[in-house]
Amino acid sequence: MKSRYAPDTHSAPPTWHKLAACAQLDDPEVMFPGTIPAEIQAARAVCEGCPVYRACLRDVITQERAARADTRHGVRAGLTGSERLAVYRTLRRQGRI
């Protein structure tokens with residue numbers, strides 16, 4: 001809802017979201033597998049060949065930044081929360097972010 005008194009702080013999602021392989025799923029819960037290896041692999045399979053994989057990875061690393069692994073949920077860009085944290089730390093050490 002827009003207000004004439006305050007700016008709208010809810011931005012629209014990036015346009016790449018519509019093109020993501022996971023956005024085409026009938027059941028998005030597939031991307032939140034928990035700790036079962038076969039379910040994690042099923043979520044990773046959705047990301048394989050995704051046309052917007054790089055944009056997804058860039059956004060998730062930027063959004064989560066240094067958040068603890070246990071606060072990173074689901075598989076995004078083919079990576080679990082702890083894997084995304086490792087990528088963030090590597091990029092930070094390299095001075096790339």
# chains A, B, ... in the order shown; residues from 1 in each chain; ligands from 1
>>> select_by_dssp(residues="segment 22-79 of chain A", states="helix (DSSP H, G or I)", output="MDAnalysis selection string")
chainID A and resid 22:24 28:31 37:47 53:64 69:71
>>> closest_residue(among="A:Arg84, A:Arg76, A:Arg92, A:Arg65", to="Ala43 of chain A", atoms="only C-alpha atoms")
A:Arg76
>>> residues_around(residues="Asp70 of chain A", least_positions_apart="2", cutoff="8 Å", atoms="only C-alpha atoms", output="number ranges by chain")
A: 68, 72-73, 81-82
>>> write_last_selection(atoms="N, CA and C atoms", output="CSV table (one decimal), in the first residue's frame")
chain,number,residue,atom,x,y,z
A,68,ARG,N,25.2,-16.0,10.1
A,68,ARG,CA,25.6,-17.3,10.5
A,68,ARG,C,25.0,-18.4,9.6
A,72,ARG,N,20.9,-19.3,7.5
A,72,ARG,CA,20.8,-19.3,6.0
A,72,ARG,C,19.9,-20.5,5.7
A,73,HIS,N,18.8,-20.3,5.1
A,73,HIS,CA,17.8,-21.4,4.9
A,73,HIS,C,17.8,-21.8,3.4
A,81,GLY,N,23.2,-23.5,3.1
A,81,GLY,CA,23.6,-22.3,3.9
A,81,GLY,C,25.1,-22.3,4.3
A,82,SER,N,25.6,-23.4,4.8
A,82,SER,CA,27.0,-23.4,5.2
A,82,SER,C,27.9,-23.3,4.0
>>> residues_around(residues="Glu29 of chain A", least_positions_apart="5", cutoff="12 Å", atoms="only C-alpha atoms", output="VMD selection string")
chain A and resid 22 to 23 34 39 to 40 42 to 43 46 73 to 75
>>> closest_residue(among="A:Ile97, A:Ala77, A:Ala69, A:Leu85", to="Arg54 of chain A", atoms="only C-alpha atoms")
A:Ala77
>>> atom_distance(atom1="atom CA of Thr15 of chain A", atom2="atom CA of Gly49 of chain A")
18.1 Å
>>> closest_residue(among="A:Lys18, A:Cys47, A:Leu57, A:Gln24", to="Glu83 of chain A", atoms="only C-alpha atoms")
A:Leu57
>>> closest_residue(among="A:Gln94, A:Ala66, A:His17, A:Thr71", to="Pro51 of chain A", atoms="only C-alpha atoms")
A:His17
>>> closest_residue(among="A:Arg89, A:Thr80, A:Val60, A:Gly95", to="Ile36 of chain A", atoms="only C-alpha atoms")
A:Thr80
>>> atom_distance(atom1="atom CA of Ala38 of chain A", atom2="atom CA of Val52 of chain A")
23.7 Å
>>> atom_distance(atom1="atom CA of Asp27 of chain A", atom2="atom CA of Gln41 of chain A")
15.6 Å
